[in-house]
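Just protein-v4.tsv here, TSV, C-alpha atoms:
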chain	number	residue	atom	x	y	z
A	21	MET	CA	-31.55	17.86	-36.59
A	22	VAL	CA	-27.98	16.51	-36.79
A	23	THR	CA	-27.15	15.05	-40.18
A	24	SER	CA	-25.09	11.86	-40.57
A	25	ASP	CA	-22.25	13.93	-41.99
A	26	GLN	CA	-22.28	16.28	-39.00
A	27	ARG	CA	-22.36	13.30	-36.67
A	28	ARG	CA	-19.32	11.74	-38.40
A	29	ARG	CA	-17.43	15.01	-38.08
A	30	GLN	CA	-18.35	15.25	-34.41
A	31	LEU	CA	-17.16	11.70	-33.71
A	32	ALA	CA	-13.91	12.34	-35.59
A	33	ARG	CA	-13.35	15.51	-33.59
A	34	GLU	CA	-13.99	13.74	-30.29
A	35	LYS	CA	-11.59	10.95	-31.28
A	36	PHE	CA	-8.92	13.49	-32.18
A	37	GLU	CA	-9.40	15.29	-28.85
A	38	ARG	CA	-9.05	12.01	-26.94
A	39	GLN	CA	-5.84	11.22	-28.82
A	40	GLN	CA	-4.46	14.69	-28.11
A	41	LYS	CA	-5.30	14.34	-24.44
A	42	ARG	CA	-3.47	11.00	-24.23
A	43	ARG	CA	-0.44	12.40	-26.06
A	44	GLU	CA	-0.35	15.47	-23.79
A	45	GLU	CA	-0.55	13.32	-20.67
A	46	GLY	CA	2.29	11.18	-21.99
A	47	ARG	CA	4.37	14.29	-22.64
A	48	ARG	CA	3.68	15.56	-19.13
A	49	ARG	CA	4.75	12.29	-17.55
A	50	ALA	CA	7.91	12.14	-19.65
A	51	LYS	CA	8.72	15.76	-18.85
A	52	ARG	CA	8.35	15.17	-15.12
A	53	ARG	CA	10.61	12.12	-15.27
A	54	ASN	CA	13.24	13.88	-17.35
A	55	ARG	CA	13.35	16.98	-15.16
A	56	ILE	CA	13.77	15.17	-11.85
A	57	ILE	CA	17.48	15.43	-11.21
A	58	VAL	CA	18.91	12.55	-9.25
A	59	SER	CA	22.17	12.99	-7.38
A	60	ALA	CA	24.87	10.53	-8.33
A	61	VAL	CA	25.91	9.70	-4.80
A	62	ALA	CA	25.14	6.45	-2.99
A	63	VAL	CA	22.90	7.39	-0.12
A	64	ALA	CA	22.13	4.32	1.91
A	65	LEU	CA	22.95	0.69	2.48
A	66	VAL	CA	19.72	-1.24	2.23
A	67	LEU	CA	19.51	-4.30	4.46
A	68	GLY	CA	23.32	-4.51	4.42
A	69	ALA	CA	23.36	-5.31	0.71
A	70	GLY	CA	24.86	-1.99	-0.35
A	71	ALA	CA	21.97	-1.20	-2.68
A	72	TYR	CA	21.81	2.39	-3.85
A	73	THR	CA	18.55	4.24	-3.27
A	74	ASN	CA	17.11	7.32	-4.87
A	75	PHE	CA	14.05	9.22	-3.74
A	76	ARG	CA	11.65	10.70	-6.27
A	77	THR	CA	8.53	12.80	-6.04
A	78	GLU	CA	6.23	10.63	-8.10
A	79	SER	CA	4.94	7.42	-6.53
A	80	ALA	CA	6.70	4.21	-7.53
A	81	ALA	CA	4.68	1.91	-9.75
A	82	ASP	CA	5.82	-1.12	-7.77
A	83	ALA	CA	8.19	-2.11	-4.98
A	84	LYS	CA	11.03	-2.78	-7.41
A	85	ASP	CA	11.25	0.84	-8.54
A	86	PRO	CA	14.19	2.79	-7.11
A	87	ILE	CA	13.30	5.38	-4.51
A	88	GLU	CA	14.43	8.87	-5.41
A	89	PHE	CA	15.44	11.80	-3.23
A	90	PRO	CA	12.82	14.10	-1.65
A	91	SER	CA	12.11	16.13	-4.75
A	92	ALA	CA	9.53	18.69	-5.66
A	93	SER	CA	8.93	17.85	-9.31
A	94	PRO	CA	8.50	20.85	-11.63
A	95	SER	CA	4.93	20.97	-12.85
A	96	SER	CA	4.09	20.77	-16.54
A	97	SER	CA	1.54	23.48	-15.71
A	98	PRO	CA	3.67	25.92	-13.71
A	99	GLU	CA	2.19	27.83	-10.79
A	100	PRO	CA	1.63	31.54	-11.37
A	101	LYS	CA	4.85	33.40	-10.63
A	102	ALA	CA	4.94	35.00	-7.21
A	103	ASP	CA	7.49	36.92	-5.20
A	104	GLU	CA	9.04	35.50	-2.08
A	105	PRO	CA	7.20	37.11	0.84
A	106	LYS	CA	8.84	40.05	2.57
A	107	MET	CA	10.53	39.25	5.86
A	108	ALA	CA	7.91	39.48	8.58
A	109	VAL	CA	9.22	37.14	11.29
A	110	ASP	CA	11.58	37.94	14.13
A	111	THR	CA	14.85	36.53	12.84
A	112	LYS	CA	16.13	36.05	16.41
A	113	ALA	CA	13.10	34.13	17.62
A	114	LYS	CA	11.89	30.55	17.69
A	115	TYR	CA	8.59	29.55	16.10
A	116	THR	CA	6.26	26.58	16.22
A	117	MET	CA	4.43	25.14	13.23
A	118	ALA	CA	1.38	23.26	14.45
A	119	LEU	CA	-0.12	20.75	12.03
A	120	THR	CA	-3.57	19.42	12.85
A	121	THR	CA	-4.00	16.18	10.92
A	122	ASN	CA	-6.72	13.55	10.68
A	123	HIS	CA	-4.50	11.34	12.88
A	124	GLY	CA	-3.64	13.95	15.50
A	125	ALA	CA	-1.30	16.87	16.06
A	126	VAL	CA	2.29	17.36	14.92
A	127	SER	CA	4.24	20.21	16.50
A	128	ILE	CA	7.39	21.38	14.70
A	129	ALA	CA	9.94	23.61	16.44
A	130	MET	CA	11.64	26.11	14.10
A	131	ASP	CA	14.51	28.52	14.69
A	132	ALA	CA	14.28	31.67	12.57
A	133	ALA	CA	17.88	32.55	13.43
A	134	LYS	CA	19.04	29.49	11.48
A	135	THR	CA	16.48	29.41	8.65
A	136	PRO	CA	14.91	32.89	8.51
A	137	ARG	CA	13.61	32.82	4.95
A	138	THR	CA	12.24	29.30	5.26
A	139	VAL	CA	10.43	30.09	8.52
A	140	ASN	CA	9.16	33.35	7.07
A	141	SER	CA	7.76	31.54	4.04
A	142	PHE	CA	6.01	28.89	6.14
A	143	LYS	CA	4.40	31.54	8.33
A	144	HIS	CA	3.30	33.49	5.25
A	145	LEU	CA	1.76	30.40	3.64
A	146	ALA	CA	0.17	29.11	6.85
A	147	ASP	CA	-1.41	32.51	7.49
A	148	LYS	CA	-2.99	32.26	4.04
A	149	LYS	CA	-4.28	28.73	4.85
A	150	TYR	CA	-2.16	27.35	2.02
A	151	PHE	CA	-1.59	24.01	3.75
A	152	ASP	CA	-5.13	23.56	5.09
A	153	ASN	CA	-6.89	20.45	3.79
A	154	THR	CA	-3.87	19.18	1.86
A	155	LYS	CA	-2.66	15.59	1.73
A	156	CYS	CA	0.77	14.26	2.60
A	157	HIS	CA	1.20	12.66	-0.80
A	158	ARG	CA	4.25	10.45	-0.36
A	159	LEU	CA	5.67	7.87	2.00
A	160	THR	CA	8.90	5.89	1.60
A	161	THR	CA	9.58	2.78	3.65
A	162	GLN	CA	12.93	1.39	2.51
A	163	GLY	CA	16.37	2.99	2.39
A	164	ILE	CA	14.90	6.45	2.99
A	165	PHE	CA	12.25	6.96	5.65
A	166	VAL	CA	10.14	10.06	5.17
A	167	LEU	CA	6.60	11.34	4.80
A	168	GLN	CA	6.37	14.17	2.26
A	169	CYS	CA	3.76	16.92	2.53
A	170	GLY	CA	3.12	20.54	1.55
A	171	ASP	CA	1.82	20.11	-2.00
A	172	PRO	CA	-1.68	21.58	-2.49
A	173	LYS	CA	-2.00	19.57	-5.71
A	174	GLY	CA	-1.28	16.31	-3.93
A	175	ASP	CA	0.86	14.89	-6.74
A	176	GLY	CA	4.34	16.28	-6.01
A	177	THR	CA	4.23	19.09	-8.58
A	178	GLY	CA	2.64	21.91	-6.57
A	179	GLY	CA	4.34	24.97	-5.17
A	180	PRO	CA	3.80	28.59	-4.14
A	181	GLY	CA	5.17	30.11	-7.36
A	182	TYR	CA	8.46	31.21	-5.80
A	183	THR	CA	11.57	29.39	-4.62
A	184	LEU	CA	13.69	29.68	-1.50
A	185	PRO	CA	17.46	29.59	-1.00
A	186	ASP	CA	19.01	26.69	0.88
A	187	GLU	CA	19.67	27.43	4.54
A	188	ASN	CA	21.35	25.78	7.52
A	189	LEU	CA	23.05	23.06	5.43
A	190	ALA	CA	26.27	23.30	7.46
A	191	SER	CA	24.39	22.03	10.51
A	192	LEU	CA	24.05	18.65	8.79
A	193	GLY	CA	27.76	18.02	9.28
A	194	LYS	CA	30.46	16.78	6.95
A	195	PRO	CA	29.38	14.15	4.41
A	196	GLY	CA	30.82	10.69	4.73
A	197	ALA	CA	32.69	8.76	2.07
A	198	ASP	CA	29.36	8.03	0.39
A	199	GLY	CA	28.63	11.76	0.05
A	200	ALA	CA	25.70	11.55	2.47
A	201	VAL	CA	24.83	12.82	5.92
A	202	THR	CA	22.32	11.49	8.43
A	203	PHE	CA	19.00	13.25	8.77
A	204	LYS	CA	17.98	12.22	12.28
A	205	ALA	CA	14.51	10.90	13.05
A	206	GLY	CA	12.29	13.87	13.87
A	207	THR	CA	13.99	16.21	11.38
A	208	VAL	CA	11.77	18.30	9.11
A	209	ALA	CA	13.43	19.50	5.90
A	210	MET	CA	12.64	21.09	2.56
A	211	ALA	CA	12.18	19.08	-0.61
A	212	ASN	CA	13.60	20.54	-3.81
A	213	THR	CA	14.13	19.70	-7.48
A	214	GLY	CA	17.69	18.51	-6.89
A	215	GLN	CA	19.14	21.91	-7.80
A	216	PRO	CA	20.29	24.51	-5.24
A	217	GLY	CA	17.75	27.12	-4.21
A	218	THR	CA	14.65	25.35	-5.52
A	219	GLY	CA	12.64	24.78	-2.34
A	220	GLY	CA	9.02	25.86	-2.41
A	221	SER	CA	6.30	24.59	-0.08
A	222	GLN	CA	6.96	20.85	-0.03
A	223	PHE	CA	8.68	19.41	3.02
A	224	PHE	CA	9.43	15.99	4.45
A	225	LEU	CA	9.14	14.50	7.93
A	226	VAL	CA	11.92	12.04	8.79
A	227	TYR	CA	10.55	9.21	10.95
A	228	LYS	CA	13.73	7.09	11.06
A	229	ASP	CA	17.40	8.05	10.64
A	230	THR	CA	17.94	8.57	6.90
A	231	LYS	CA	21.07	9.12	4.83
A	232	LEU	CA	20.80	11.77	2.13
A	233	PRO	CA	23.07	14.27	0.39
A	234	PRO	CA	23.39	17.51	2.43
A	235	GLN	CA	21.23	19.54	0.06
A	236	TYR	CA	17.89	19.77	1.87
A	237	THR	CA	17.30	22.67	4.26
A	238	PRO	CA	16.70	21.27	7.77
A	239	PHE	CA	14.34	23.81	9.30
A	240	GLY	CA	12.49	22.06	12.10
A	241	THR	CA	12.17	19.23	14.58
A	242	MET	CA	9.01	17.27	15.37
A	243	ASP	CA	7.87	16.76	18.94
A	244	ALA	CA	7.75	13.21	20.33
A	245	ALA	CA	4.01	12.85	19.73
A	246	GLY	CA	4.33	14.03	16.15
A	247	LEU	CA	7.20	11.66	15.45
A	248	LYS	CA	5.18	8.74	16.82
A	249	LEU	CA	2.23	9.76	14.65
A	250	VAL	CA	4.37	9.66	11.51
A	251	GLN	CA	5.93	6.37	12.57
A	252	ASP	CA	2.46	4.88	12.99
A	253	VAL	CA	1.53	6.05	9.50
A	254	ALA	CA	4.72	4.44	8.15
A	255	LYS	CA	3.87	1.14	9.85
A	256	GLY	CA	0.69	1.06	7.76
A	257	GLY	CA	2.85	0.97	4.62
A	258	VAL	CA	2.40	2.29	1.12
A	259	GLU	CA	-0.62	1.71	-1.09
A	260	GLY	CA	-0.27	-1.35	-3.29
A	261	GLY	CA	2.55	-2.79	-1.18
A	262	ALA	CA	5.15	-0.51	-2.78
A	263	GLN	CA	8.04	1.16	-0.94
A	264	ASP	CA	7.35	4.63	-2.34
A	265	GLY	CA	3.93	6.15	-2.87
A	266	ALA	CA	0.79	7.34	-1.15
A	267	PRO	CA	0.50	6.05	2.43
A	268	LYS	CA	-2.20	3.47	3.09
A	269	LYS	CA	-3.18	5.49	6.13
A	270	ALA	CA	-3.97	8.69	4.24
A	271	VAL	CA	-2.74	11.81	6.00
A	272	THR	CA	-4.53	15.12	5.59
A	273	ILE	CA	-3.24	18.35	7.08
A	274	GLU	CA	-6.53	19.85	8.20
A	275	LYS	CA	-4.98	23.04	9.51
A	276	ALA	CA	-1.50	24.54	9.77
A	277	THR	CA	-0.47	27.50	11.88
A	278	VAL	CA	2.88	29.13	12.61
A	279	SER	CA	3.31	31.16	15.79
A	280	LYS	CA	6.11	32.61	17.85
A	281	ALA	CA	7.21	30.15	20.54

Here is the file; what I need is its structure written in the form of structure tokens.
Amino acid sequence: MVTSDQRRRQLAREKFERQQKRREEGRRRAKRRNRIIVSAVAVALVLGAGAYTNFRTESAADAKDPIEFPSASPSSSPEPKADEPKMAVDTKAKYTMALTTNHGAVSIAMDAAKTPRTVNSFKHLADKKYFDNTKCHRLTTQGIFVLQCGDPKGDGTGGPGYTLPDENLASLGKPGADGAVTFKAGTVAMANTGQPGTGGSQFFLVYKDTKLPPQYTPFGTMDAAGLKLVQDVAKGGVEGGAQDGAPKKAVTIEKATVSKA
């Protein structure tokens, strides 16, 4: 039988644990915000007003929040460390990443000659079913126009435990006076933490020409049907009427494969 004194101690302990949990969650949120590094360049003119936009990993609380760059936010609970997979693709060949989603298929053409380590990593992860049954966690609909996927956690903090070097950045061309280049609609590129060489598994699908700093590895191009699929998702908007957050039309990658073209 539990005495009144034991019961008081139990309630006090439970209250303390709840407080600790709230404090820890607050620390995690603050840490994620503080560690997202935002480039200081102006990246787009919004509706001709010259508004600066940023693009962040975490969903915006409301439509007034600035949109941050396509970032993979470091997790407060880091993934187990892993080594970058050994090169197993033909570095002179072209590959296709096929994404089967709940809205249809997206086919992404990749050139291992231009982005060998990125293509190799995607094949390695796809072969291990890393992307299967994962959600595309982030959509942006103003200033920057992308759908971000590749996080098994679904919150922008997940990754494979290793990072990749930047590749193929020269193909983006010379930045303009605003320090940005245009990522053409259909481009598929790597998200990162804002620092060089910090790509992991998260990537973004550009559904409308988007101006960004030339710091995101462009490694693939969507086919016409895939681009239309993403555009249709974007037309549905962001949950809560925001400009940055989970898409209203939830997108799940049911299966991902990478094969030689």

What lies within 6 Å of Thr154 (chain A) using all atoms listed in the file, ignoring chain neighbours under 5 positions off, as an mmCIF file with C-alpha atoms, in the frame of the given file?
data_model
loop_
_atom_site.group_PDB
_atom_site.id
_atom_site.type_symbol
_atom_site.label_atom_id
_atom_site.label_comp_id
_atom_site.auth_asym_id
_atom_site.auth_seq_id
_atom_site.Cartn_x
_atom_site.Cartn_y
_atom_site.Cartn_z
ATOM 1 C CA PRO A 172 -1.680 21.580 -2.490
ATOM 2 C CA THR A 272 -4.530 15.120 5.590
ATOM 3 C CA ILE A 273 -3.240 18.350 7.080
#

Tell me, in Å to one decimal, how far CA of Ala211 (chain A) is from CA of Ser91 (chain A). 5.1 Å

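Going from CA of Met130 (chain A) over to CA of Glu274 (chain A), you cover 20.1 Å.
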
Which residue is closest to Leu167 (chain A)? Choose from A:Val208, A:Val109, A:Leu232, A:Val278 and count all atoms listed in the file. A:Val208

May I have the protein, DNA and RNA residues with an atom at most 8 Å from (10.9, 9.4, 7.7), counting only C-alpha atoms in the file's coordinates, returned as a PyMOL selection string? chain A and resi 159-161+164-167+205-206+224-230+250-251+254

Please, what distance in Å, to one decimal, runs between CA of Gln168 (chain A) and CA of Thr218 (chain A)?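 Computing it gives 15.9 Å between the two atoms.
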
May I have the residues at most 8 Å from (-3.6, 7.9, 9.1) in the file's coordinates, counting only C-alpha atoms, as a ChimeraX atom specification? /A:122-123,252-253,268-271

Can you tell me, as a list of chain:residue names, what residues are no more than 8 Å from Asn188 (chain A) when counting only C-alpha atoms, ignoring any on the same chain fewer than 4 positions away?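 Within the cut-off, the hits are A:Lys134, A:Thr135, A:Leu192, A:Thr237, A:Pro238, A:Phe239.
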
Counting only C-alpha atoms, the residue of A:Gln222, A:Thr213, A:Thr111, A:Thr138 that sits nearest Glu187 (chain A):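 Looking only at the distances to Glu187 (chain A), the closest residue turns out to be A:Thr138.
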
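Proximity to Asp175 (chain A) was assessed for A:Gly265, A:Pro136, A:Gly163, A:Pro195 counting only C-alpha atoms; the smallest distance is recorded for A:Gly265.
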